[in-house]
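Undergrad: Quick one, protein24.pdb (PDB, C-alpha atoms, pLDDT in the B column):
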MODEL        1
ATOM      1  CA  LEU A   1     112.806 147.387  96.931  1.00 59.00           C
ATOM      2  CA  ALA A   2     113.333 151.066  96.218  1.00 63.00           C
ATOM      3  CA  LYS A   3     116.212 152.796  97.921  1.00 83.00           C
ATOM      4  CA  THR A   4     114.061 155.824  98.666  1.00 91.00           C
ATOM      5  CA  THR A   5     111.523 156.729 101.349  1.00 93.00           C
ATOM      6  CA  GLN A   6     108.954 159.521 101.115  1.00 96.00           C
ATOM      7  CA  PRO A   7     105.853 160.593 103.049  1.00 96.00           C
ATOM      8  CA  ILE A   8     102.756 158.789 101.814  1.00 96.00           C
ATOM      9  CA  SER A   9     100.636 161.903 101.489  1.00 97.00           C
ATOM     10  CA  MET A  10     100.594 165.666 101.900  1.00 97.00           C
ATOM     11  CA  ASP A  11      97.841 168.253 101.804  1.00 97.00           C
ATOM     12  CA  SER A  12      98.167 171.866 100.747  1.00 97.00           C
ATOM     13  CA  TYR A  13      96.162 174.866  99.609  1.00 97.00           C
ATOM     14  CA  GLU A  14      96.469 176.777  96.400  1.00 97.00           C
ATOM     15  CA  GLY A  15      99.218 179.377  96.425  1.00 97.00           C
ATOM     16  CA  GLN A  16     101.274 177.687  99.131  1.00 97.00           C
ATOM     17  CA  GLU A  17     104.789 176.354  98.783  1.00 97.00           C
ATOM     18  CA  VAL A  18     105.069 172.596  99.162  1.00 98.00           C
ATOM     19  CA  ASN A  19     108.217 170.769 100.197  1.00 98.00           C
ATOM     20  CA  ILE A  20     108.453 166.998  99.812  1.00 97.00           C
ATOM     21  CA  THR A  21     111.470 165.315 101.365  1.00 96.00           C
ATOM     22  CA  CYS A  22     112.893 162.001 100.233  1.00 95.00           C
ATOM     23  CA  SER A  23     115.404 159.851 102.116  1.00 95.00           C
ATOM     24  CA  HIS A  24     118.043 157.911 100.180  1.00 91.00           C
ATOM     25  CA  ASN A  25     120.554 156.882 102.826  1.00 90.00           C
ATOM     26  CA  ASN A  26     122.475 154.464 100.609  1.00 86.00           C
ATOM     27  CA  ILE A  27     122.889 156.669  97.564  1.00 87.00           C
ATOM     28  CA  ALA A  28     126.015 155.889  95.580  1.00 85.00           C
ATOM     29  CA  THR A  29     128.702 158.471  94.896  1.00 85.00           C
ATOM     30  CA  ASN A  30     127.812 158.935  91.242  1.00 83.00           C
ATOM     31  CA  ASP A  31     124.026 158.722  91.523  1.00 86.00           C
ATOM     32  CA  TYR A  32     121.769 161.577  90.497  1.00 89.00           C
ATOM     33  CA  ILE A  33     118.423 162.107  92.216  1.00 91.00           C
ATOM     34  CA  THR A  34     115.427 162.472  89.948  1.00 93.00           C
ATOM     35  CA  TRP A  35     111.853 163.483  90.711  1.00 95.00           C
ATOM     36  CA  TYR A  36     108.768 162.543  88.724  1.00 96.00           C
ATOM     37  CA  GLN A  37     105.121 163.584  88.773  1.00 97.00           C
ATOM     38  CA  GLN A  38     102.318 161.233  87.837  1.00 97.00           C
ATOM     39  CA  PHE A  39      98.646 161.888  87.169  1.00 96.00           C
ATOM     40  CA  PRO A  40      96.135 158.991  87.144  1.00 93.00           C
ATOM     41  CA  SER A  41      96.394 156.743  84.084  1.00 91.00           C
ATOM     42  CA  GLN A  42      99.288 158.753  82.665  1.00 94.00           C
ATOM     43  CA  GLY A  43     102.973 157.976  82.452  1.00 94.00           C
ATOM     44  CA  PRO A  44     105.256 159.635  85.006  1.00 95.00           C
ATOM     45  CA  ARG A  45     106.652 162.967  83.910  1.00 95.00           C
ATOM     46  CA  PHE A  46     110.175 164.182  84.687  1.00 94.00           C
ATOM     47  CA  ILE A  47     110.244 167.222  86.972  1.00 96.00           C
ATOM     48  CA  ILE A  48     113.840 167.845  88.010  1.00 95.00           C
ATOM     49  CA  GLN A  49     117.167 166.147  88.579  1.00 93.00           C
ATOM     50  CA  GLY A  50     120.136 167.033  90.726  1.00 93.00           C
ATOM     51  CA  TYR A  51     123.404 165.797  92.169  1.00 92.00           C
ATOM     52  CA  LYS A  52     124.174 168.232  94.981  1.00 90.00           C
ATOM     53  CA  THR A  53     123.274 171.628  96.459  1.00 90.00           C
ATOM     54  CA  LYS A  54     120.408 173.316  94.631  1.00 95.00           C
ATOM     55  CA  VAL A  55     118.859 172.976  91.211  1.00 94.00           C
ATOM     56  CA  THR A  56     116.025 175.138  89.923  1.00 96.00           C
ATOM     57  CA  ASN A  57     113.952 174.999  86.782  1.00 94.00           C
ATOM     58  CA  GLU A  58     110.735 176.622  85.653  1.00 94.00           C
ATOM     59  CA  VAL A  59     108.511 174.357  87.758  1.00 94.00           C
ATOM     60  CA  ALA A  60     110.445 173.321  90.871  1.00 97.00           C
ATOM     61  CA  SER A  61     113.577 173.493  92.968  1.00 97.00           C
ATOM     62  CA  LEU A  62     115.560 170.601  94.331  1.00 97.00           C
ATOM     63  CA  PHE A  63     117.634 170.931  97.475  1.00 97.00           C
ATOM     64  CA  ILE A  64     120.294 168.338  98.271  1.00 96.00           C
ATOM     65  CA  PRO A  65     122.388 168.623 101.440  1.00 95.00           C
ATOM     66  CA  ALA A  66     126.087 167.928 101.469  1.00 94.00           C
ATOM     67  CA  ASP A  67     125.734 164.333 102.700  1.00 93.00           C
ATOM     68  CA  ARG A  68     123.236 163.638  99.865  1.00 93.00           C
ATOM     69  CA  LYS A  69     121.253 161.249 102.060  1.00 94.00           C
ATOM     70  CA  SER A  70     118.069 163.167 101.407  1.00 95.00           C
ATOM     71  CA  SER A  71     116.601 165.615  98.951  1.00 96.00           C
ATOM     72  CA  THR A  72     113.706 168.057  99.047  1.00 97.00           C
ATOM     73  CA  LEU A  73     111.485 168.896  96.121  1.00 98.00           C
ATOM     74  CA  SER A  74     110.041 172.378  96.450  1.00 98.00           C
ATOM     75  CA  LEU A  75     106.953 173.384  94.471  1.00 97.00           C
ATOM     76  CA  PRO A  76     106.314 177.125  94.694  1.00 94.00           C
ATOM     77  CA  ARG A  77     102.729 178.403  94.785  1.00 94.00           C
ATOM     78  CA  VAL A  78     100.940 175.159  94.026  1.00 97.00           C
ATOM     79  CA  SER A  79      97.657 175.079  92.137  1.00 97.00           C
ATOM     80  CA  LEU A  80      94.869 172.514  91.930  1.00 97.00           C
ATOM     81  CA  SER A  81      96.541 171.021  88.864  1.00 96.00           C
ATOM     82  CA  ASP A  82      99.569 170.060  90.961  1.00 97.00           C
ATOM     83  CA  THR A  83      97.472 167.375  92.666  1.00 98.00           C
ATOM     84  CA  ALA A  84      99.376 164.234  91.710  1.00 98.00           C
ATOM     85  CA  VAL A  85     101.735 161.563  92.986  1.00 97.00           C
ATOM     86  CA  TYR A  86     105.378 162.586  93.283  1.00 98.00           C
ATOM     87  CA  TYR A  87     108.253 160.118  93.217  1.00 96.00           C
ATOM     88  CA  CYS A  88     111.951 160.488  93.899  1.00 93.00           C
ATOM     89  CA  LEU A  89     114.255 157.968  92.285  1.00 91.00           C
ATOM     90  CA  VAL A  90     117.903 157.027  92.372  1.00 87.00           C
ATOM     91  CA  PRO A  91     119.400 154.536  89.918  1.00 83.00           C
ATOM     92  CA  GLU A  92     119.718 150.892  90.921  1.00 80.00           C
ATOM     93  CA  GLY A  93     120.817 147.689  89.254  1.00 75.00           C
ATOM     94  CA  GLN A  94     124.151 146.583  87.881  1.00 73.00           C
ATOM     95  CA  ALA A  95     123.992 148.930  84.918  1.00 73.00           C
ATOM     96  CA  GLY A  96     122.370 151.756  86.850  1.00 72.00           C
ATOM     97  CA  THR A  97     119.402 151.709  84.505  1.00 76.00           C
ATOM     98  CA  ALA A  98     116.932 150.192  86.963  1.00 82.00           C
ATOM     99  CA  LEU A  99     114.940 153.193  88.097  1.00 85.00           C
ATOM    100  CA  ILE A 100     112.777 151.775  90.858  1.00 85.00           C
ATOM    101  CA  PHE A 101     109.659 153.666  91.865  1.00 87.00           C
ATOM    102  CA  GLY A 102     109.041 153.417  95.584  1.00 85.00           C
ATOM    103  CA  LYS A 103     105.981 154.569  97.424  1.00 91.00           C
ATOM    104  CA  GLY A 104     105.358 158.047  96.106  1.00 94.00           C
ATOM    105  CA  THR A 105     103.860 161.036  97.856  1.00 97.00           C
ATOM    106  CA  THR A 106     100.255 161.824  96.999  1.00 97.00           C
ATOM    107  CA  LEU A 107      99.901 165.596  97.065  1.00 98.00           C
ATOM    108  CA  SER A 108      96.373 166.951  97.361  1.00 98.00           C
ATOM    109  CA  VAL A 109      95.888 170.647  96.695  1.00 97.00           C
ATOM    110  CA  SER A 110      92.648 172.289  97.763  1.00 97.00           C
ATOM    111  CA  SER A 111      91.172 175.699  97.029  1.00 94.00           C
TER     112      SER A 111
ATOM    113  CA  ALA B   1     109.229 166.282  68.444  1.00 66.00           C
ATOM    114  CA  ALA B   2     107.457 162.956  68.698  1.00 80.00           C
ATOM    115  CA  GLY B   3     107.390 161.318  72.082  1.00 93.00           C
ATOM    116  CA  VAL B   4     107.527 157.669  73.042  1.00 97.00           C
ATOM    117  CA  ILE B   5     104.905 155.740  71.107  1.00 97.00           C
ATOM    118  CA  GLN B   6     103.272 152.648  72.552  1.00 98.00           C
ATOM    119  CA  SER B   7     100.920 150.268  70.838  1.00 97.00           C
ATOM    120  CA  PRO B   8      98.328 149.062  71.222  1.00 98.00           C
ATOM    121  CA  ARG B   9      96.844 151.559  73.663  1.00 97.00           C
ATOM    122  CA  HIS B  10      94.240 149.068  74.833  1.00 97.00           C
ATOM    123  CA  LEU B  11      94.270 145.296  74.704  1.00 97.00           C
ATOM    124  CA  ILE B  12      91.820 142.721  75.991  1.00 98.00           C
ATOM    125  CA  LYS B  13      92.886 139.094  76.302  1.00 98.00           C
ATOM    126  CA  GLU B  14      91.613 135.898  77.855  1.00 97.00           C
ATOM    127  CA  LYS B  15      93.497 133.948  80.536  1.00 97.00           C
ATOM    128  CA  ARG B  16      96.311 131.801  79.157  1.00 97.00           C
ATOM    129  CA  GLU B  17      96.518 133.823  75.948  1.00 98.00           C
ATOM    130  CA  THR B  18      99.593 135.746  74.800  1.00 98.00           C
ATOM    131  CA  ALA B  19     100.049 139.455  74.222  1.00 98.00           C
ATOM    132  CA  THR B  20     102.716 141.626  72.658  1.00 98.00           C
ATOM    133  CA  LEU B  21     103.234 145.287  73.453  1.00 98.00           C
ATOM    134  CA  LYS B  22     105.363 147.542  71.305  1.00 98.00           C
ATOM    135  CA  CYS B  23     107.362 150.624  72.168  1.00 98.00           C
ATOM    136  CA  TYR B  24     108.971 153.136  69.827  1.00 97.00           C
ATOM    137  CA  PRO B  25     111.441 155.347  71.690  1.00 96.00           C
ATOM    138  CA  ILE B  26     112.236 158.945  70.968  1.00 95.00           C
ATOM    139  CA  SER B  27     114.614 159.320  68.043  1.00 93.00           C
ATOM    140  CA  ARG B  28     118.281 158.891  69.057  1.00 88.00           C
ATOM    141  CA  HIS B  29     117.387 157.525  72.487  1.00 90.00           C
ATOM    142  CA  ASP B  30     119.465 154.452  73.227  1.00 89.00           C
ATOM    143  CA  THR B  31     117.770 153.067  76.348  1.00 91.00           C
ATOM    144  CA  VAL B  32     114.305 151.600  76.789  1.00 94.00           C
ATOM    145  CA  TYR B  33     112.563 150.744  80.041  1.00 94.00           C
ATOM    146  CA  TRP B  34     109.395 148.771  80.733  1.00 97.00           C
ATOM    147  CA  TYR B  35     107.154 149.285  83.741  1.00 97.00           C
ATOM    148  CA  GLN B  36     103.966 147.625  84.952  1.00 97.00           C
ATOM    149  CA  GLN B  37     101.450 149.588  87.016  1.00 97.00           C
ATOM    150  CA  GLY B  38      98.488 147.806  88.529  1.00 95.00           C
ATOM    151  CA  PRO B  39      95.410 149.655  89.780  1.00 93.00           C
ATOM    152  CA  GLY B  40      96.341 151.875  92.713  1.00 91.00           C
ATOM    153  CA  GLN B  41      99.945 150.656  92.605  1.00 93.00           C
ATOM    154  CA  ASP B  42     103.255 152.356  91.977  1.00 93.00           C
ATOM    155  CA  PRO B  43     105.053 151.630  88.685  1.00 94.00           C
ATOM    156  CA  GLN B  44     107.035 148.384  88.917  1.00 94.00           C
ATOM    157  CA  PHE B  45     110.281 148.212  86.966  1.00 93.00           C
ATOM    158  CA  LEU B  46     110.339 145.177  84.685  1.00 96.00           C
ATOM    159  CA  ILE B  47     113.387 145.401  82.447  1.00 95.00           C
ATOM    160  CA  SER B  48     115.642 147.822  80.579  1.00 93.00           C
ATOM    161  CA  PHE B  49     117.745 147.717  77.425  1.00 94.00           C
ATOM    162  CA  TYR B  50     120.734 149.799  76.443  1.00 90.00           C
ATOM    163  CA  GLU B  51     121.930 149.693  72.849  1.00 91.00           C
ATOM    164  CA  LYS B  52     119.806 146.622  72.157  1.00 92.00           C
ATOM    165  CA  MET B  53     121.261 144.641  75.046  1.00 93.00           C
ATOM    166  CA  GLN B  54     119.441 143.895  78.288  1.00 93.00           C
ATOM    167  CA  SER B  55     120.952 146.143  80.927  1.00 91.00           C
ATOM    168  CA  ASP B  56     118.922 145.665  84.108  1.00 90.00           C
ATOM    169  CA  LYS B  57     116.158 143.285  85.125  1.00 91.00           C
ATOM    170  CA  GLY B  58     113.506 143.915  87.715  1.00 90.00           C
ATOM    171  CA  SER B  59     110.388 142.049  88.752  1.00 88.00           C
ATOM    172  CA  ILE B  60     109.613 140.639  85.338  1.00 93.00           C
ATOM    173  CA  PRO B  61     107.828 137.266  85.489  1.00 95.00           C
ATOM    174  CA  ASP B  62     109.386 134.328  83.669  1.00 96.00           C
ATOM    175  CA  ARG B  63     106.280 134.279  81.458  1.00 97.00           C
ATOM    176  CA  PHE B  64     107.334 137.649  80.074  1.00 97.00           C
ATOM    177  CA  SER B  65     110.175 138.354  77.712  1.00 97.00           C
ATOM    178  CA  ALA B  66     111.365 141.471  75.980  1.00 97.00           C
ATOM    179  CA  GLN B  67     113.878 142.601  73.442  1.00 96.00           C
ATOM    180  CA  GLN B  68     115.117 145.699  71.714  1.00 96.00           C
ATOM    181  CA  PHE B  69     115.529 145.585  67.970  1.00 95.00           C
ATOM    182  CA  SER B  70     118.079 147.110  65.595  1.00 94.00           C
ATOM    183  CA  ASP B  71     115.834 150.138  65.025  1.00 93.00           C
ATOM    184  CA  TYR B  72     115.705 150.584  68.843  1.00 94.00           C
ATOM    185  CA  HIS B  73     112.032 149.767  69.169  1.00 96.00           C
ATOM    186  CA  SER B  74     111.209 147.262  71.879  1.00 97.00           C
ATOM    187  CA  GLU B  75     108.591 144.588  72.374  1.00 98.00           C
ATOM    188  CA  LEU B  76     107.283 143.041  75.570  1.00 98.00           C
ATOM    189  CA  ASN B  77     105.913 139.558  75.070  1.00 98.00           C
ATOM    190  CA  MET B  78     103.599 138.130  77.697  1.00 98.00           C
ATOM    191  CA  SER B  79     102.468 134.514  77.650  1.00 97.00           C
ATOM    192  CA  SER B  80     100.082 132.395  79.742  1.00 97.00           C
ATOM    193  CA  LEU B  81      98.327 135.569  80.803  1.00 98.00           C
ATOM    194  CA  GLU B  82      96.843 135.685  84.285  1.00 97.00           C
ATOM    195  CA  LEU B  83      94.172 137.946  85.736  1.00 97.00           C
ATOM    196  CA  GLY B  84      96.877 139.660  87.792  1.00 96.00           C
ATOM    197  CA  ASP B  85      98.633 140.784  84.630  1.00 97.00           C
ATOM    198  CA  SER B  86      95.872 143.317  84.040  1.00 97.00           C
ATOM    199  CA  ALA B  87      97.656 146.633  84.330  1.00 97.00           C
ATOM    200  CA  LEU B  88      98.978 149.679  82.570  1.00 98.00           C
ATOM    201  CA  TYR B  89     102.293 148.953  80.902  1.00 98.00           C
ATOM    202  CA  PHE B  90     104.548 151.918  80.383  1.00 97.00           C
ATOM    203  CA  CYS B  91     107.550 152.160  78.167  1.00 97.00           C
ATOM    204  CA  ALA B  92     110.097 154.907  78.646  1.00 95.00           C
ATOM    205  CA  SER B  93     113.226 155.933  76.817  1.00 94.00           C
ATOM    206  CA  SER B  94     116.309 157.965  77.571  1.00 91.00           C
ATOM    207  CA  PHE B  95     119.573 159.002  75.970  1.00 87.00           C
ATOM    208  CA  LEU B  96     122.015 157.335  78.362  1.00 76.00           C
ATOM    209  CA  ALA B  97     125.073 157.920  76.238  1.00 68.00           C
ATOM    210  CA  GLY B  98     124.200 161.604  76.320  1.00 61.00           C
ATOM    211  CA  GLY B  99     124.360 161.634  80.087  1.00 61.00           C
ATOM    212  CA  ASP B 100     120.592 161.581  80.672  1.00 58.00           C
ATOM    213  CA  THR B 101     120.892 159.380  83.721  1.00 65.00           C
ATOM    214  CA  GLY B 102     117.448 159.239  85.224  1.00 68.00           C
ATOM    215  CA  GLU B 103     115.621 161.547  82.824  1.00 85.00           C
ATOM    216  CA  LEU B 104     113.119 159.168  81.322  1.00 90.00           C
ATOM    217  CA  PHE B 105     110.437 160.057  78.810  1.00 93.00           C
ATOM    218  CA  PHE B 106     107.349 157.918  79.250  1.00 95.00           C
ATOM    219  CA  GLY B 107     104.785 156.837  76.714  1.00 96.00           C
ATOM    220  CA  GLU B 108     101.057 157.018  77.333  1.00 95.00           C
ATOM    221  CA  GLY B 109     100.935 153.361  78.251  1.00 97.00           C
ATOM    222  CA  SER B 110      99.209 150.229  77.040  1.00 98.00           C
ATOM    223  CA  ARG B 111      96.276 149.096  79.124  1.00 98.00           C
ATOM    224  CA  LEU B 112      96.032 145.307  79.241  1.00 98.00           C
ATOM    225  CA  THR B 113      92.869 143.701  80.534  1.00 98.00           C
ATOM    226  CA  VAL B 114      92.875 139.946  81.108  1.00 98.00           C
ATOM    227  CA  LEU B 115      89.456 138.335  81.401  1.00 96.00           C
TER     228      LEU B 115
ENDMDL
END
Please go through the file and, once you have read it, give me the structure as structure tokens.
TA:
Amino acid sequence: LAKTTQPISMDSYEGQEVNITCSHNNIATNDYITWYQQFPSQGPRFIIQGYKTKVTNEVASLFIPADRKSSTLSLPRVSLSDTAVYYCLVPEGQAGTALIFGKGTTLSVSS
Amino acid sequence: AAGVIQSPRHLIKEKRETATLKCYPISRHDTVYWYQQGPGQDPQFLISFYEKMQSDKGSIPDRFSAQQFSDYHSELNMSSLELGDSALYFCASSFLAGGDTGELFFGEGSRLTVL
């Protein structure tokens, strides 16, 4: 079972900011949090990764509070092409290379 | 730069047959991951290899086996195929020794159909 919990679905309109929150209550001290985007019949695509506080890249921001038990992916000004499933992952397994996909968040963007 | 290459892209097999999927990671990547994604399902972690050694094992059936070779490519062998094995199989790679914990690069997948 994945160590993460996310909302099953979210709806938005073009141009809005979307925030997707993920819970990872049992995250280990050294674990990074990684977010992926997946379109139908395509492999997941890396969006952003962070350890604490805030990380920003050209497509998203990731907010991680001090206790690191949750994280929020922020997508600014979404467009129709952002309609996809979004997953947050933390490493699992003895070697930390088991990246388990839980139930992702299906984001639907409308015009 | 070339991404993760998977072959074949499509494969049709009969029940009880065997199938082999191949994965060629990005150059210099040292870790390979295999995932299975059934229709409407989330990707299921099967197994991972770091520097040619199995590192973590997920929900991989006993009928399946995998290995990573000296050139870092990996193969997933599936025997006694069942209808439920029909799925998209993704391979991903990362550069773990370079600190890329969690940043996986996925291939386009191999679609297996079992009839």
Undergrad: Kindly provide the residues of chain B that approach chain A to within 9 Å, each paired with its closest atom pair and their distance in Å to one decimal, based on only C-alpha atoms, listed by chain and increasing number, as a Markdown table.
TA:
| residue | atom | partner | partner_atom | distance |
| --- | --- | --- | --- | --- |
| B:Thr31 | CA | A:Thr97 | CA | 8.4 |
| B:Tyr33 | CA | A:Ala98 | CA | 8.2 |
| B:Gln41 | CA | A:Lys103 | CA | 8.7 |
| B:Asp42 | CA | A:Lys103 | CA | 6.5 |
| B:Pro43 | CA | A:Phe101 | CA | 6.0 |
| B:Gln44 | CA | A:Phe101 | CA | 6.6 |
| B:Phe45 | CA | A:Ile100 | CA | 5.8 |
| B:Leu46 | CA | A:Ala98 | CA | 8.6 |
| B:Ile47 | CA | A:Ala98 | CA | 7.5 |
| B:Ser48 | CA | A:Thr97 | CA | 6.7 |
| B:Phe49 | CA | A:Thr97 | CA | 8.3 |
| B:Tyr50 | CA | A:Thr97 | CA | 8.4 |
| B:Ser55 | CA | A:Ala95 | CA | 5.7 |
| B:Asp56 | CA | A:Ala98 | CA | 5.7 |
| B:Lys57 | CA | A:Ala98 | CA | 7.2 |
| B:Gly58 | CA | A:Ala98 | CA | 7.2 |
| B:Leu88 | CA | A:Ser41 | CA | 7.7 |
| B:Phe90 | CA | A:Gly43 | CA | 6.6 |
| B:Cys91 | CA | A:Gly43 | CA | 8.6 |
| B:Ala92 | CA | A:Gly43 | CA | 8.6 |
| B:Leu96 | CA | A:Thr97 | CA | 8.7 |
| B:Thr101 | CA | A:Tyr32 | CA | 7.2 |
| B:Gly102 | CA | A:Thr34 | CA | 6.1 |
| B:Glu103 | CA | A:Phe46 | CA | 6.3 |
| B:Leu104 | CA | A:Phe46 | CA | 6.7 |
| B:Phe105 | CA | A:Arg45 | CA | 7.0 |
| B:Phe106 | CA | A:Gly43 | CA | 5.4 |
| B:Gly107 | CA | A:Gly43 | CA | 6.1 |
| B:Glu108 | CA | A:Gly43 | CA | 5.5 |
| B:Gly109 | CA | A:Gly43 | CA | 6.6 |
Undergrad: Find the distance between CA of Lys13 (chain B) and CA of Thr113 (chain B) and write it in Å to one decimal.
TA: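 Taking CA of Lys13 (chain B) and CA of Thr113 (chain B), their separation equals 6.3 Å.
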Undergrad: Given the file shown, determine the residues that the PyMOL selection byres ((chain B and resi 64) around 7) selects; report them as a VMD selection string.
TA: chain B and resid 60 to 63 65 to 66 77 to 79
Undergrad: Step by step, work through what the PyMOL selection byres ((chain A and resi 15-18) around 7) selects in the shown file, and finish by giving those residues as a tab-separated table (two decimals) with C-alpha atoms, keeping the file's coordinate frame.
TA:
chain	number	residue	atom	x	y	z
A	12	SER	CA	98.17	171.87	100.75
A	13	TYR	CA	96.16	174.87	99.61
A	14	GLU	CA	96.47	176.78	96.40
A	19	ASN	CA	108.22	170.77	100.20
A	20	ILE	CA	108.45	167.00	99.81
A	74	SER	CA	110.04	172.38	96.45
A	75	LEU	CA	106.95	173.38	94.47
A	76	PRO	CA	106.31	177.12	94.69
A	77	ARG	CA	102.73	178.40	94.78
A	78	VAL	CA	100.94	175.16	94.03
A	79	SER	CA	97.66	175.08	92.14
Undergrad: What residues come out when you apply the PyMOL selection byres ((chain A and resi 62-66) around 9) to this file, written as a list of chain:residue names?
TA: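 For this structure, the PyMOL selection byres ((chain A and resi 62-66) around 9) captures A:Ile33, A:Trp35, A:Ile48, A:Gln49, A:Gly50, A:Tyr51, A:Lys52, A:Thr53, A:Lys54, A:Val55, A:Thr56, A:Asn57, A:Ala60, A:Ser61, A:Asp67, A:Arg68, A:Lys69, A:Ser70, A:Ser71, A:Thr72, A:Leu73, A:Ser74.
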Undergrad: Near Leu112 (chain B), counting all atoms listed in the file, which residues have an atom at most 9 Å away, once you skip same-chain residues fewer than 2 positions from it, shown as a list in words?
TA: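 These residues fall inside the cut-off: Arg9, His10, Leu11, Ile12, Lys13, Ala19, Asp85, Ser86, Ala87, Leu88, Tyr89, Ser110 and Val114 of chain B.
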Undergrad: Starting from the point (117.7, 149.6, 71.2), work out which residues of protein, DNA or RNA have an atom no more than 12 Å away when counting all atoms listed in the file; state them as a VMD selection string.
TA: chain B and resid 23 to 33 48 to 55 66 to 75 92 to 96
Undergrad: Interatomic distance between CA of Glu82 (chain B) and CA of Leu115 (chain B)?
TA: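 Between CA of Glu82 (chain B) and CA of Leu115 (chain B) the gap is 8.4 Å.
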Undergrad: For CA of Ile5 (chain B) and CA of Thr20 (chain B), quote the distance in Å rounded to one decimal.
TA: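 Going from CA of Ile5 (chain B) over to CA of Thr20 (chain B) covers 14.4 Å.
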